[in-house]
Every structure is written in C-alpha cells, then in structure tokens.
file upload27.cif (mmCIF, C-alpha atoms)
data_my_file
#
loop_
_atom_site.label_atom_id
_atom_site.label_comp_id
_atom_site.auth_asym_id
_atom_site.auth_seq_id
_atom_site.Cartn_x
_atom_site.Cartn_y
_atom_site.Cartn_z
CA MET B 1 -14.80 -149.25 -24.01
CA ARG B 2 -13.63 -151.60 -21.28
CA LYS B 3 -16.21 -153.35 -19.12
CA LEU B 4 -17.78 -151.27 -16.34
CA THR B 5 -18.43 -152.49 -12.83
CA ASP B 6 -22.01 -152.82 -11.61
CA GLU B 7 -21.65 -149.54 -9.71
CA GLN B 8 -20.27 -147.76 -12.77
CA ARG B 9 -23.09 -149.08 -14.96
CA ALA B 10 -25.58 -147.78 -12.39
CA ILE B 11 -23.92 -144.35 -12.61
CA ARG B 12 -24.09 -144.38 -16.40
CA ASP B 13 -27.72 -145.49 -16.44
CA GLY B 14 -28.73 -142.94 -13.82
CA VAL B 15 -27.13 -140.05 -15.69
CA LEU B 16 -28.58 -141.28 -18.98
CA ALA B 17 -32.06 -141.26 -17.43
CA VAL B 18 -31.63 -137.55 -16.65
CA CYS B 19 -30.27 -136.77 -20.12
CA LYS B 20 -33.23 -138.45 -21.84
CA ARG B 21 -35.54 -135.88 -20.25
CA PHE B 22 -33.88 -133.14 -22.36
CA ASP B 23 -34.43 -133.58 -26.07
CA ASP B 24 -32.85 -132.00 -29.15
CA GLU B 25 -35.33 -129.13 -29.13
CA TYR B 26 -34.33 -128.20 -25.57
CA TRP B 27 -30.67 -127.96 -26.53
CA SER B 28 -31.45 -126.19 -29.80
CA ALA B 29 -33.43 -123.58 -27.89
CA CYS B 30 -30.63 -123.09 -25.35
CA ASP B 31 -28.19 -122.59 -28.22
CA ARG B 32 -30.51 -120.33 -30.21
CA GLU B 33 -31.40 -118.13 -27.22
CA ALA B 34 -27.92 -118.24 -25.62
CA ARG B 35 -29.73 -119.50 -22.50
CA PHE B 36 -27.94 -121.35 -19.73
CA PRO B 37 -29.48 -124.84 -19.26
CA PHE B 38 -30.73 -124.17 -15.74
CA ASP B 39 -33.29 -126.99 -15.87
CA PHE B 40 -30.63 -129.53 -16.81
CA HIS B 41 -28.24 -128.25 -14.14
CA LYS B 42 -31.03 -128.44 -11.54
CA ALA B 43 -31.98 -131.98 -12.58
CA MET B 44 -28.39 -133.20 -12.34
CA ALA B 45 -28.05 -131.60 -8.90
CA ALA B 46 -31.35 -133.10 -7.70
CA ASP B 47 -30.13 -136.60 -8.54
CA GLY B 48 -26.79 -136.00 -6.82
CA TRP B 49 -24.53 -136.06 -9.88
CA LEU B 50 -22.83 -132.72 -9.12
CA GLY B 51 -21.20 -134.29 -6.07
CA VAL B 52 -19.67 -137.39 -7.64
CA THR B 53 -16.11 -136.49 -6.63
CA MET B 54 -16.99 -134.55 -3.45
CA PRO B 55 -16.39 -136.03 0.04
CA GLU B 56 -19.23 -138.12 1.45
CA GLU B 57 -19.24 -136.22 4.74
CA HIS B 58 -20.27 -133.11 2.81
CA GLY B 59 -23.02 -134.68 0.71
CA GLY B 60 -20.97 -136.04 -2.15
CA ALA B 61 -20.36 -139.57 -3.35
CA GLY B 62 -16.62 -139.61 -2.65
CA LEU B 63 -15.84 -141.32 -5.97
CA GLY B 64 -12.93 -140.84 -8.33
CA VAL B 65 -12.09 -139.31 -11.68
CA THR B 66 -13.01 -142.62 -13.35
CA GLU B 67 -16.62 -142.21 -12.19
CA ALA B 68 -16.55 -138.50 -13.07
CA ALA B 69 -15.41 -139.48 -16.56
CA ILE B 70 -18.35 -141.88 -16.86
CA VAL B 71 -20.73 -139.10 -15.82
CA MET B 72 -19.28 -136.57 -18.25
CA HIS B 73 -19.07 -139.04 -21.13
CA THR B 74 -22.72 -139.93 -20.66
CA VAL B 75 -23.73 -136.27 -20.48
CA ALA B 76 -21.72 -135.29 -23.56
CA SER B 77 -23.04 -138.18 -25.64
CA GLY B 78 -26.64 -137.63 -24.56
CA GLY B 79 -27.51 -134.92 -27.09
CA GLY B 80 -26.56 -131.82 -25.11
CA GLY B 81 -23.02 -131.67 -26.42
CA MET B 82 -20.54 -129.30 -24.85
CA ALA B 83 -23.34 -127.07 -23.58
CA ALA B 84 -24.56 -129.85 -21.30
CA ALA B 85 -21.05 -130.85 -20.26
CA SER B 86 -19.83 -127.31 -19.60
CA SER B 87 -22.82 -126.53 -17.42
CA ILE B 88 -21.62 -129.04 -14.80
CA HIS B 89 -18.07 -130.21 -15.42
CA ILE B 90 -16.37 -127.57 -13.27
CA ASN B 91 -17.95 -129.39 -10.31
CA MET B 92 -15.89 -132.43 -11.24
CA PHE B 93 -12.45 -130.79 -11.11
CA GLY B 94 -12.71 -127.09 -10.24
CA PRO B 95 -13.25 -127.42 -6.46
CA HIS B 96 -10.39 -129.93 -6.10
CA PRO B 97 -8.14 -127.37 -4.33
CA ILE B 98 -10.91 -126.96 -1.73
CA VAL B 99 -11.26 -130.71 -1.25
CA VAL B 100 -7.51 -131.28 -0.90
CA HIS B 101 -6.27 -128.07 0.72
CA GLY B 102 -9.32 -126.42 2.31
CA THR B 103 -9.84 -126.34 6.06
CA LYS B 104 -12.60 -128.35 7.73
CA GLU B 105 -14.58 -125.13 8.16
CA GLN B 106 -14.17 -124.19 4.49
CA LYS B 107 -15.25 -127.61 3.26
CA ALA B 108 -18.31 -127.60 5.50
CA ARG B 109 -19.19 -124.08 4.35
CA TRP B 110 -18.68 -124.49 0.63
CA ILE B 111 -18.97 -128.08 -0.59
CA PRO B 112 -22.58 -128.92 0.38
CA ARG B 113 -23.81 -125.87 -1.54
CA LEU B 114 -21.88 -126.97 -4.65
CA VAL B 115 -23.26 -130.49 -4.39
CA SER B 116 -26.83 -129.23 -4.09
CA GLY B 117 -26.43 -126.74 -6.93
CA GLU B 118 -27.24 -123.78 -4.66
CA ASP B 119 -23.89 -122.25 -5.59
CA GLN B 120 -22.47 -122.04 -9.07
CA VAL B 121 -18.78 -121.32 -9.48
CA CYS B 122 -16.73 -119.87 -12.29
CA PHE B 123 -12.99 -120.39 -12.73
CA GLY B 124 -10.86 -117.22 -12.84
CA VAL B 125 -7.44 -118.35 -14.07
CA THR B 126 -6.64 -117.33 -17.67
CA GLU B 127 -5.60 -113.74 -18.38
CA PRO B 128 -5.38 -111.76 -21.64
CA ASP B 129 -1.60 -111.24 -21.46
CA ALA B 130 -0.67 -114.61 -19.96
CA GLY B 131 -2.65 -117.29 -21.82
CA LEU B 132 -1.18 -120.71 -21.08
CA ASP B 133 1.75 -119.11 -19.24
CA THR B 134 -0.10 -119.15 -15.92
CA THR B 135 2.90 -117.96 -13.88
CA SER B 136 2.70 -114.62 -15.76
CA ILE B 137 -0.73 -113.65 -14.44
CA LYS B 138 -0.95 -110.08 -13.14
CA THR B 139 -4.18 -110.07 -11.13
CA PHE B 140 -2.86 -109.02 -7.72
CA ALA B 141 -4.15 -109.59 -4.19
CA LYS B 142 -2.76 -107.01 -1.77
CA LYS B 143 -2.80 -107.98 1.91
CA VAL B 144 -4.90 -105.67 4.10
CA ASP B 145 -6.51 -105.94 7.52
CA GLY B 146 -8.78 -108.97 7.55
CA GLY B 147 -8.06 -110.10 4.03
CA TYR B 148 -6.98 -108.94 0.59
CA ARG B 149 -7.90 -106.34 -2.00
CA VAL B 150 -7.78 -107.70 -5.54
CA SER B 151 -7.61 -106.00 -8.91
CA GLY B 152 -6.94 -107.43 -12.35
CA ARG B 153 -8.41 -109.06 -15.43
CA LYS B 154 -9.43 -112.58 -16.42
CA VAL B 155 -10.63 -113.91 -19.77
CA TRP B 156 -12.53 -116.97 -21.03
CA THR B 157 -14.18 -117.32 -17.65
CA SER B 158 -17.05 -119.73 -18.29
CA THR B 159 -20.44 -119.41 -16.49
CA GLY B 160 -19.52 -115.97 -15.17
CA GLN B 161 -22.98 -114.68 -16.11
CA VAL B 162 -24.73 -117.16 -13.81
CA ALA B 163 -22.14 -117.89 -11.10
CA ASN B 164 -22.31 -116.47 -7.60
CA LYS B 165 -18.86 -117.79 -6.61
CA ILE B 166 -15.43 -117.56 -8.21
CA LEU B 167 -12.34 -119.73 -7.78
CA LEU B 168 -9.72 -117.06 -8.36
CA LEU B 169 -6.00 -117.35 -9.02
CA THR B 170 -3.96 -114.26 -8.14
CA ARG B 171 -0.45 -113.12 -7.46
CA THR B 172 0.40 -112.08 -3.91
CA VAL B 173 4.05 -111.52 -4.85
CA ALA B 174 5.03 -110.13 -8.24
CA LYS B 175 6.74 -112.58 -10.59
CA GLN B 176 9.95 -110.54 -10.69
CA ASP B 177 10.20 -110.71 -6.89
CA VAL B 178 10.11 -114.50 -6.47
CA LYS B 179 12.91 -117.04 -6.79
CA ARG B 180 10.76 -119.48 -8.76
CA SER B 181 8.07 -118.27 -11.16
CA THR B 182 5.56 -120.73 -9.66
CA ASP B 183 5.86 -119.11 -6.22
CA GLY B 184 3.86 -116.12 -5.00
CA ILE B 185 0.54 -117.27 -6.50
CA THR B 186 -2.49 -117.60 -4.21
CA VAL B 187 -5.90 -119.14 -4.80
CA PHE B 188 -9.21 -117.94 -3.34
CA TYR B 189 -12.80 -119.15 -3.36
CA THR B 190 -15.10 -116.23 -2.74
CA ASP B 191 -18.32 -114.40 -3.58
CA LEU B 192 -18.55 -112.94 -7.07
CA ASP B 193 -19.34 -109.39 -5.94
CA ARG B 194 -20.67 -107.73 -9.09
CA SER B 195 -20.32 -104.26 -7.60
CA LYS B 196 -16.56 -104.80 -7.85
CA VAL B 197 -16.42 -107.31 -10.71
CA GLU B 198 -17.63 -106.60 -14.24
CA VAL B 199 -18.43 -109.74 -16.24
CA LYS B 200 -18.65 -109.07 -19.98
CA ARG B 201 -19.91 -111.83 -22.26
CA ILE B 202 -17.74 -112.83 -25.23
CA PRO B 203 -19.72 -113.66 -28.41
CA LYS B 204 -18.27 -116.90 -29.77
CA HIS B 205 -18.46 -119.59 -32.45
CA GLY B 206 -20.29 -122.28 -30.47
CA ARG B 207 -21.66 -123.34 -27.08
CA ALA B 208 -23.76 -120.19 -26.84
CA ALA B 209 -25.80 -121.67 -24.00
CA VAL B 210 -22.84 -121.59 -21.61
CA ASP B 211 -21.30 -118.14 -21.48
CA SER B 212 -17.61 -117.23 -21.69
CA ASN B 213 -16.50 -113.88 -20.36
CA ALA B 214 -13.93 -111.18 -19.92
CA VAL B 215 -13.79 -110.32 -16.21
CA PHE B 216 -12.64 -106.99 -14.82
CA ILE B 217 -11.86 -106.94 -11.07
CA ASP B 218 -11.58 -103.55 -9.40
CA ASP B 219 -10.61 -103.44 -5.70
CA LEU B 220 -12.52 -106.58 -4.70
CA PHE B 221 -12.19 -107.33 -0.98
CA ILE B 222 -11.69 -111.02 -0.18
CA PRO B 223 -11.75 -112.01 3.50
CA GLU B 224 -8.81 -114.06 4.73
CA GLU B 225 -11.06 -117.03 5.48
CA ASP B 226 -11.72 -117.33 1.73
CA ARG B 227 -8.07 -118.07 0.94
CA ILE B 228 -7.38 -121.74 0.16
CA GLY B 229 -4.27 -123.13 1.81
CA GLU B 230 -1.07 -121.18 2.25
CA GLU B 231 -0.41 -117.82 0.68
CA GLY B 232 1.90 -118.19 -2.31
CA ARG B 233 1.21 -121.90 -2.91
CA GLY B 234 -1.75 -121.49 -5.25
CA PHE B 235 0.00 -122.62 -8.42
CA HIS B 236 0.89 -125.94 -6.82
CA TYR B 237 -2.70 -126.37 -5.63
CA LEU B 238 -3.95 -125.69 -9.14
CA LEU B 239 -1.82 -128.52 -10.50
CA ASP B 240 -4.00 -131.00 -8.56
CA SER B 241 -6.88 -130.32 -10.94
CA LEU B 242 -5.03 -130.17 -14.29
CA ASN B 243 -4.90 -133.88 -15.11
CA PRO B 244 -8.57 -134.48 -14.21
CA GLU B 245 -9.54 -131.50 -16.34
CA ARG B 246 -7.67 -132.87 -19.35
CA ILE B 247 -9.20 -136.33 -18.89
CA LEU B 248 -12.73 -134.95 -18.62
CA VAL B 249 -12.44 -132.59 -21.59
CA GLY B 250 -11.09 -135.50 -23.66
CA ILE B 251 -13.91 -137.85 -22.65
CA GLU B 252 -16.49 -135.13 -23.34
CA ALA B 253 -15.14 -134.66 -26.87
CA ILE B 254 -15.35 -138.42 -27.36
CA GLY B 255 -18.96 -138.45 -26.17
CA ILE B 256 -19.94 -135.63 -28.52
CA GLY B 257 -18.21 -137.43 -31.40
CA GLN B 258 -20.04 -140.68 -30.61
CA ASP B 259 -23.36 -138.84 -30.55
CA ALA B 260 -22.59 -137.30 -33.95
CA LEU B 261 -21.47 -140.67 -35.31
CA ARG B 262 -24.72 -142.35 -34.23
CA ARG B 263 -26.71 -139.63 -35.95
CA ALA B 264 -24.64 -139.97 -39.11
CA ALA B 265 -24.92 -143.76 -39.18
CA ARG B 266 -28.70 -143.54 -38.77
CA TYR B 267 -28.98 -140.97 -41.56
CA ALA B 268 -26.80 -143.12 -43.83
CA ARG B 269 -29.14 -146.07 -43.31
CA GLU B 270 -32.28 -144.05 -43.92
CA ARG B 271 -31.29 -141.67 -46.72
CA SER B 272 -31.70 -143.15 -50.22
CA VAL B 273 -30.18 -141.67 -53.36
CA PHE B 274 -30.16 -143.37 -56.79
CA GLY B 275 -32.38 -146.07 -55.37
CA ARG B 276 -30.13 -147.24 -52.53
CA PRO B 277 -29.25 -146.11 -49.00
CA ILE B 278 -26.15 -143.91 -49.05
CA GLY B 279 -24.67 -146.08 -46.30
CA GLN B 280 -24.31 -148.87 -48.85
CA ASN B 281 -21.56 -146.84 -50.50
CA GLN B 282 -18.05 -147.45 -49.17
CA ALA B 283 -17.29 -143.75 -49.61
CA ILE B 284 -19.79 -143.20 -46.78
CA GLN B 285 -19.04 -146.38 -44.80
CA HIS B 286 -15.28 -146.15 -44.54
CA PRO B 287 -14.93 -142.63 -43.06
CA LEU B 288 -17.59 -143.46 -40.47
CA ALA B 289 -15.83 -146.71 -39.60
CA GLU B 290 -12.55 -144.83 -39.15
CA CYS B 291 -14.29 -142.40 -36.81
CA TRP B 292 -15.53 -145.31 -34.69
CA LEU B 293 -12.01 -146.71 -34.43
CA GLN B 294 -10.50 -143.36 -33.47
CA LEU B 295 -13.17 -142.69 -30.84
CA GLU B 296 -12.80 -146.13 -29.27
CA ALA B 297 -9.02 -145.83 -29.09
CA ALA B 298 -9.23 -142.37 -27.55
CA GLN B 299 -11.75 -143.60 -24.99
CA LEU B 300 -9.38 -146.37 -23.91
CA MET B 301 -6.64 -143.77 -23.35
CA ALA B 302 -9.00 -141.53 -21.36
CA MET B 303 -10.19 -144.32 -19.07
CA THR B 304 -6.63 -145.56 -18.57
CA ALA B 305 -5.61 -142.04 -17.52
CA ALA B 306 -8.54 -141.81 -15.10
CA GLU B 307 -7.73 -145.16 -13.51
CA LEU B 308 -4.06 -144.21 -13.11
CA TYR B 309 -5.05 -140.93 -11.47
CA ASP B 310 -7.40 -142.66 -9.04
CA ALA B 311 -4.67 -145.17 -8.19
CA GLY B 312 -2.28 -142.34 -7.31
CA GLU B 313 -0.01 -143.22 -10.22
CA PRO B 314 1.68 -140.72 -12.58
CA CYS B 315 -0.68 -139.99 -15.46
CA GLY B 316 0.47 -136.74 -17.05
CA ALA B 317 1.25 -138.32 -20.42
CA GLU B 318 -1.97 -140.33 -20.49
CA ALA B 319 -4.15 -137.39 -19.35
CA ASN B 320 -2.67 -135.10 -21.97
CA GLY B 321 -2.93 -137.87 -24.54
CA ALA B 322 -6.58 -138.39 -23.69
CA LYS B 323 -7.29 -134.72 -24.26
CA PHE B 324 -5.36 -134.65 -27.54
CA LEU B 325 -6.74 -137.88 -29.01
CA GLY B 326 -10.26 -137.34 -27.67
CA ALA B 327 -10.53 -133.83 -29.11
CA ARG B 328 -9.12 -134.90 -32.48
CA ALA B 329 -11.39 -137.95 -32.71
CA GLY B 330 -14.46 -136.07 -31.52
CA HIS B 331 -13.91 -133.22 -33.96
CA GLN B 332 -13.30 -135.58 -36.88
CA ALA B 333 -16.46 -137.55 -36.10
CA CYS B 334 -18.57 -134.40 -35.93
CA GLN B 335 -17.15 -133.09 -39.18
CA GLN B 336 -17.75 -136.42 -40.91
CA ALA B 337 -21.29 -136.46 -39.55
CA VAL B 338 -21.98 -133.11 -41.20
CA LEU B 339 -20.48 -134.33 -44.48
CA THR B 340 -22.49 -137.55 -44.33
CA HIS B 341 -25.68 -135.53 -44.04
CA GLY B 342 -24.67 -133.48 -47.08
CA GLY B 343 -26.64 -130.27 -47.38
CA MET B 344 -28.86 -131.23 -44.46
CA GLY B 345 -25.77 -131.42 -42.26
CA TYR B 346 -25.58 -127.66 -42.60
CA ALA B 347 -29.17 -127.33 -41.35
CA LYS B 348 -29.81 -126.89 -37.64
CA GLU B 349 -32.64 -129.47 -37.77
CA TYR B 350 -30.24 -132.42 -37.72
CA GLN B 351 -28.12 -131.14 -34.78
CA VAL B 352 -24.77 -132.23 -36.21
CA GLU B 353 -23.77 -128.68 -37.16
CA ARG B 354 -24.29 -127.67 -33.51
CA LEU B 355 -22.18 -130.59 -32.31
CA LEU B 356 -19.41 -129.64 -34.75
CA ARG B 357 -19.42 -126.04 -33.51
CA GLU B 358 -19.36 -127.14 -29.89
CA VAL B 359 -16.72 -129.86 -30.11
CA LEU B 360 -14.14 -127.52 -31.66
CA ILE B 361 -13.40 -125.88 -28.31
CA THR B 362 -11.97 -129.16 -27.02
CA ARG B 363 -9.11 -128.85 -29.50
CA ILE B 364 -8.26 -125.39 -28.15
CA ALA B 365 -8.90 -125.49 -24.40
CA PRO B 366 -7.82 -125.97 -21.66
CA VAL B 367 -4.41 -126.55 -23.26
CA SER B 368 -3.34 -126.36 -26.88
CA GLU B 369 -2.40 -129.37 -28.97
CA GLN B 370 1.06 -127.90 -29.45
CA MET B 371 1.68 -127.69 -25.70
CA ILE B 372 0.58 -131.31 -25.32
CA LEU B 373 2.96 -132.46 -28.04
CA SER B 374 5.79 -130.51 -26.41
CA PHE B 375 4.95 -132.15 -23.06
CA ILE B 376 5.01 -135.66 -24.59
CA ALA B 377 8.25 -134.95 -26.44
CA GLU B 378 9.96 -133.65 -23.30
CA ARG B 379 8.54 -135.92 -20.58
CA VAL B 380 8.06 -139.19 -22.48
CA LEU B 381 10.64 -139.03 -25.28
CA ASP B 382 13.31 -137.19 -23.23
CA GLN B 383 13.73 -134.35 -25.70
CA PRO B 384 15.13 -130.94 -24.64
CA LYS B 385 12.56 -128.36 -23.56
CA SER B 386 11.53 -126.25 -26.55
CA TYR B 387 10.00 -123.21 -24.86
#

call {"tool": "encode", "arguments": {"input": "upload27.cif", "output": "structure tokens"}}
result
Amino acid sequence: MRKLTDEQRAIRDGVLAVCKRFDDEYWSACDREARFPFDFHKAMAADGWLGVTMPEEHGGAGLGVTEAAIVMHTVASGGGGMAAASSIHINMFGPHPIVVHGTKEQKARWIPRLVSGEDQVCFGVTEPDAGLDTTSIKTFAKKVDGGYRVSGRKVWTSTGQVANKILLLTRTVAKQDVKRSTDGITVFYTDLDRSKVEVKRIPKHGRAAVDSNAVFIDDLFIPEEDRIGEEGRGFHYLLDSLNPERILVGIEAIGIGQDALRRAARYARERSVFGRPIGQNQAIQHPLAECWLQLEAAQLMAMTAAELYDAGEPCGAEANGAKFLGARAGHQACQQAVLTHGGMGYAKEYQVERLLREVLITRIAPVSEQMILSFIAERVLDQPKSY
C-alpha cells in the first residue's frame, strides 16, 4: 500500500485501537447468536468514526472517500470481517444524497444523529423483480396532502432489524410513463414505521451478525419534508454514492483477505508435520505468496479510485475495478487460508471459515462481476453495449 500521510496514519491507528478491544470470541459469538455488534457500533460512534465523511458543521470530520477507505480497510482487517464492516459502512456512503442534495434543515436534523450513532439507517433500493435493473423498481410513492403514501417491496435490505430510519428509493412516475427510464424515481429518508413496514429476516450463508431482510411496505406515509431533493431525480442522486460504495466494498474484501492471510501465514509457521513446519513447503508458500501479490495490487487500485473520486476526477472504471479485484483477491486469500489450515480450517476455532463465508458476499454485491466486466468493456474498451 502507498505511503499514508500523518493524518491518515492517525486515522488508521485510532480505528485499530477500537478494533483491538473486540477479540475473536466477540465476533464468533455475534456470528453464532446472529447478534448485531451493538457494542462495536457504539464504540466506533463514540470515537467519531461514523462521521468521517460527514460535514464538519454537523459533527463529522468532513474527510473524503480515501479516509473512509482507510477506516473500512482497518475495520475489515481487524478480525471482525464483513460483520464489523457492514455494521458501519452505510454511514460512509449511504447518506451521501443527504449531504449533497439535502436542505440545510434536513442536514441539521438528520446528520448529527447519524454521526453520534443515535440513528441507524437501512438502505431500501433493491427489489425482488428488479435486481440490478434499478430503473425497474415498482415501489410507488403516491402524492397526497402533506406528503406521500408508499407501498411496495424491497429485498436484501441490511440492518433492517435494528434500523430506525430508511433511505428509500421509490417511483413517483411509472416507468412506462417517463421519457427516460431513469426519470420519475424519488428518494426519501424517513422513519422506519414498523406498523406499516414488515421487515422479515433472510437466513443466509454468512455474516449472520448483520441481518439482511425482505421488506414489505404497506401504505407508509412519508411527509414531504422527508423527500431528498427534487421529485423524480432520485436515480441521479443515487449515482453519487455508487462509486464510493464499490471502492469501500472492494477495500473491505481486501482487508478480510489480509486478515485471513496473516492467520494462514502464522499457522504455516507454527504447524509441524513430518518434523518440519508446513510453511517450509513450497506447496504452502507459493499460494500464500500469490495471495499477497493479488491483495496488494487490488489495494493499489482501490486507493487510486478513492483518490480520483476525492479529486473530482472520473473514476468509474477504477471504482468498479477495485470492487472486482478486491473481492476476487479477498475471496481467494480466505479460501487459501482455510486450505492452509487443513482440517482445522473447517473448524470455527481458527476463524478462517467465518472469514471465507463472510467475504463471499463481496463477489456478489452491490454489483455482479459480470456487470463490472460489461462496464469495463463498454466504457474503457469502447465495445458495443451488450445488455
């Protein structure tokens, strides 16, 4: 990784100090009991890390995606894996539409409570019948006196079990009635009223500590003052957060992979078979060395993307590349860590099986590898659009 500034090293060291207070047993228990890491979330909020990218006038640090990437890399590599990262990373990119397009009153009302951890927000975007085709969402907000009435469905909404707020993407004009498919979409930030919203947990392969949910919205009233920006411009506002999200998911996968690689390298030094440490065998050494190379290369891409974003430069290719390479490298490192441990890699005691289960999601979400490759082919290599 490239050299950090003094300020960036201070950020890394401060976050690392928090992470060290939460050991493997803490994260194993959260995973085993499917328990949200409230203590970790509270500790990160208390030290101000939830507000890294938030405006200073509202209690944040006013820093960029580069600093957010340092925070999330440190968290992900600190033993908590994707459970630790997912408990806080929506604070780094989710509220971006509020920061950029919210009114002064909205920012003053919402941002300080996010920074302090008083409010927890879930992200209501994906729908069962739309998937990555966001313009095909059907959740509809009908204009009424004083606001909107919303009905629809969302899926894979993380932290819905613990959130009291929802950042919600809806249609205010049906897709067939707009000139461009990206028009007629509106974004809201509002209370998660559970009398009108059913949040049903989805059992899943990994990251049990941070819930994912199917969400059923039935005639939820949202006051007009909870709409962000102009009606019908929500899709364009959402785009502001897509590149940061890809960068952060990529850097989290890299951090998890580096944690797994450290564990594997230590085990290879300490485990002796046939009278010698297994790490003396090139069959063990070489795959681990390849993992290190892949992780380092992916990290360079991720930090380059973050720096381009913060400089206001185009970074779509680099951000998507960071997500693709980071997820691939992180997953490979975790898998190799399990294989290095042999039978004990399959045991929960050594943590690497948990890291492997948790890192897999980074290859799937928030955008598929196939969509990234199509983007690179079209936007970088000037190939015709394939879908």

call {"tool": "atom_distance", "arguments": {"input": "upload27.cif", "atom1": "atom CA of Leu288 of chain B", "atom2": "atom CA of Ala17 of chain B"}}
result
27.3 Å

call {"tool": "closest_residue", "arguments": {"input": "upload27.cif", "among": "B:Ala260, B:Val100, B:Met82, B:Leu192", "to": "Val162 of chain B", "atoms": "all atoms listed in the file"}}
result
B:Leu192

call {"tool": "resolve_selection", "arguments": {"input": "upload27.cif", "expression": "the PyMOL selection byres ((chain B and resi 212) around 12)", "output": "MDAnalysis selection string"}}
result
chainID B and resid 34 36 83 86:87 122:124 126 154:163 199:211 213:215 361

call {"tool": "resolve_selection", "arguments": {"input": "upload27.cif", "expression": "the PyMOL selection byres ((chain B and resi 301) around 8)", "output": "number ranges by chain"}}
result
B: 297-300, 302-305, 318-319, 321-322

call {"tool": "closest_residue", "arguments": {"input": "upload27.cif", "among": "B:Arg263, B:His41, B:Lys138, B:Arg180", "to": "Gly117 of chain B", "atoms": "all atoms listed in the file"}}
result
B:His41

call {"tool": "resolve_selection", "arguments": {"input": "upload27.cif", "expression": "the PyMOL selection byres ((chain B and resi 232) around 10)", "output": "list in words"}}
result
Thr170, Arg171, Thr172, Val173, Val178, Thr182, Asp183, Gly184, Ile185, Thr186, Val187, Gly229, Glu230, Glu231, Arg233, Gly234, Phe235, His236 and Tyr237 of chain B

call {"tool": "residues_around", "arguments": {"input": "upload27.cif", "residues": "Asn281 of chain B", "least_positions_apart": "6", "cutoff": "12 Å", "atoms": "only C-alpha atoms", "output": "list in words"}}
result
Ala268, Arg269, Arg271, Ser272, Val273, Phe274, Gly275, Pro287, Leu288 and Thr340 of chain B

call {"tool": "closest_residue", "arguments": {"input": "upload27.cif", "among": "B:Asp31, B:Arg227, B:Pro314, B:Pro95", "to": "Ser241 of chain B", "atoms": "all atoms listed in the file"}}
result
B:Pro95

call {"tool": "closest_residue", "arguments": {"input": "upload27.cif", "among": "B:Phe140, B:Arg379, B:Lys104, B:Glu349", "to": "Glu225 of chain B", "atoms": "only C-alpha atoms"}}
result
B:Lys104

call {"tool": "atom_distance", "arguments": {"input": "upload27.cif", "atom1": "atom CA of Ala264 of chain B", "atom2": "atom CA of Ala29 of chain B"}}
result
21.7 Å

call {"tool": "build_atoms", "arguments": {"input": "upload27.cif", "residues": "segment 341-356 of chain B", "atoms": "N, CA and C atoms", "output": "PDB file, in the coordinates of the input"}}
result
ATOM      1  N   HIS B 341     -24.342-136.087 -43.853  1.00  0.00           N
ATOM      2  CA  HIS B 341     -25.680-135.530 -44.040  1.00  0.00           C
ATOM      3  C   HIS B 341     -25.782-134.654 -45.294  1.00  0.00           C
ATOM      4  N   GLY B 342     -24.638-134.346 -45.899  1.00  0.00           N
ATOM      5  CA  GLY B 342     -24.670-133.480 -47.080  1.00  0.00           C
ATOM      6  C   GLY B 342     -25.222-132.110 -46.741  1.00  0.00           C
ATOM      7  N   GLY B 343     -26.069-131.592 -47.609  1.00  0.00           N
ATOM      8  CA  GLY B 343     -26.640-130.270 -47.380  1.00  0.00           C
ATOM      9  C   GLY B 343     -27.414-130.180 -46.084  1.00  0.00           C
ATOM     10  N   MET B 344     -28.077-131.252 -45.698  1.00  0.00           N
ATOM     11  CA  MET B 344     -28.860-131.230 -44.460  1.00  0.00           C
ATOM     12  C   MET B 344     -27.961-131.189 -43.220  1.00  0.00           C
ATOM     13  N   GLY B 345     -26.698-131.551 -43.375  1.00  0.00           N
ATOM     14  CA  GLY B 345     -25.770-131.420 -42.260  1.00  0.00           C
ATOM     15  C   GLY B 345     -25.514-129.982 -41.877  1.00  0.00           C
ATOM     16  N   TYR B 346     -25.759-129.091 -42.838  1.00  0.00           N
ATOM     17  CA  TYR B 346     -25.580-127.660 -42.600  1.00  0.00           C
ATOM     18  C   TYR B 346     -26.815-127.033 -41.977  1.00  0.00           C
ATOM     19  N   ALA B 347     -27.899-127.804 -41.926  1.00  0.00           N
ATOM     20  CA  ALA B 347     -29.170-127.330 -41.350  1.00  0.00           C
ATOM     21  C   ALA B 347     -29.195-127.626 -39.862  1.00  0.00           C
ATOM     22  N   LYS B 348     -29.763-126.718 -39.089  1.00  0.00           N
ATOM     23  CA  LYS B 348     -29.810-126.890 -37.640  1.00  0.00           C
ATOM     24  C   LYS B 348     -30.727-128.057 -37.237  1.00  0.00           C
ATOM     25  N   GLU B 349     -31.665-128.421 -38.082  1.00  0.00           N
ATOM     26  CA  GLU B 349     -32.640-129.470 -37.770  1.00  0.00           C
ATOM     27  C   GLU B 349     -31.975-130.772 -37.337  1.00  0.00           C
ATOM     28  N   TYR B 350     -30.856-131.115 -37.959  1.00  0.00           N
ATOM     29  CA  TYR B 350     -30.240-132.420 -37.720  1.00  0.00           C
ATOM     30  C   TYR B 350     -29.186-132.411 -36.605  1.00  0.00           C
ATOM     31  N   GLN B 351     -28.946-131.280 -35.991  1.00  0.00           N
ATOM     32  CA  GLN B 351     -28.120-131.140 -34.780  1.00  0.00           C
ATOM     33  C   GLN B 351     -26.617-131.277 -35.008  1.00  0.00           C
ATOM     34  N   VAL B 352     -26.198-131.948 -36.084  1.00  0.00           N
ATOM     35  CA  VAL B 352     -24.770-132.230 -36.210  1.00  0.00           C
ATOM     36  C   VAL B 352     -23.948-130.959 -36.410  1.00  0.00           C
ATOM     37  N   GLU B 353     -24.526-129.929 -37.016  1.00  0.00           N
ATOM     38  CA  GLU B 353     -23.770-128.680 -37.160  1.00  0.00           C
ATOM     39  C   GLU B 353     -23.522-128.052 -35.793  1.00  0.00           C
ATOM     40  N   ARG B 354     -24.479-128.179 -34.885  1.00  0.00           N
ATOM     41  CA  ARG B 354     -24.290-127.670 -33.510  1.00  0.00           C
ATOM     42  C   ARG B 354     -23.189-128.458 -32.811  1.00  0.00           C
ATOM     43  N   LEU B 355     -23.208-129.768 -32.951  1.00  0.00           N
ATOM     44  CA  LEU B 355     -22.180-130.590 -32.310  1.00  0.00           C
ATOM     45  C   LEU B 355     -20.800-130.258 -32.852  1.00  0.00           C
ATOM     46  N   LEU B 356     -20.693-130.010 -34.164  1.00  0.00           N
ATOM     47  CA  LEU B 356     -19.410-129.640 -34.750  1.00  0.00           C
ATOM     48  C   LEU B 356     -18.916-128.307 -34.189  1.00  0.00           C
TER      49      LEU B 356
END
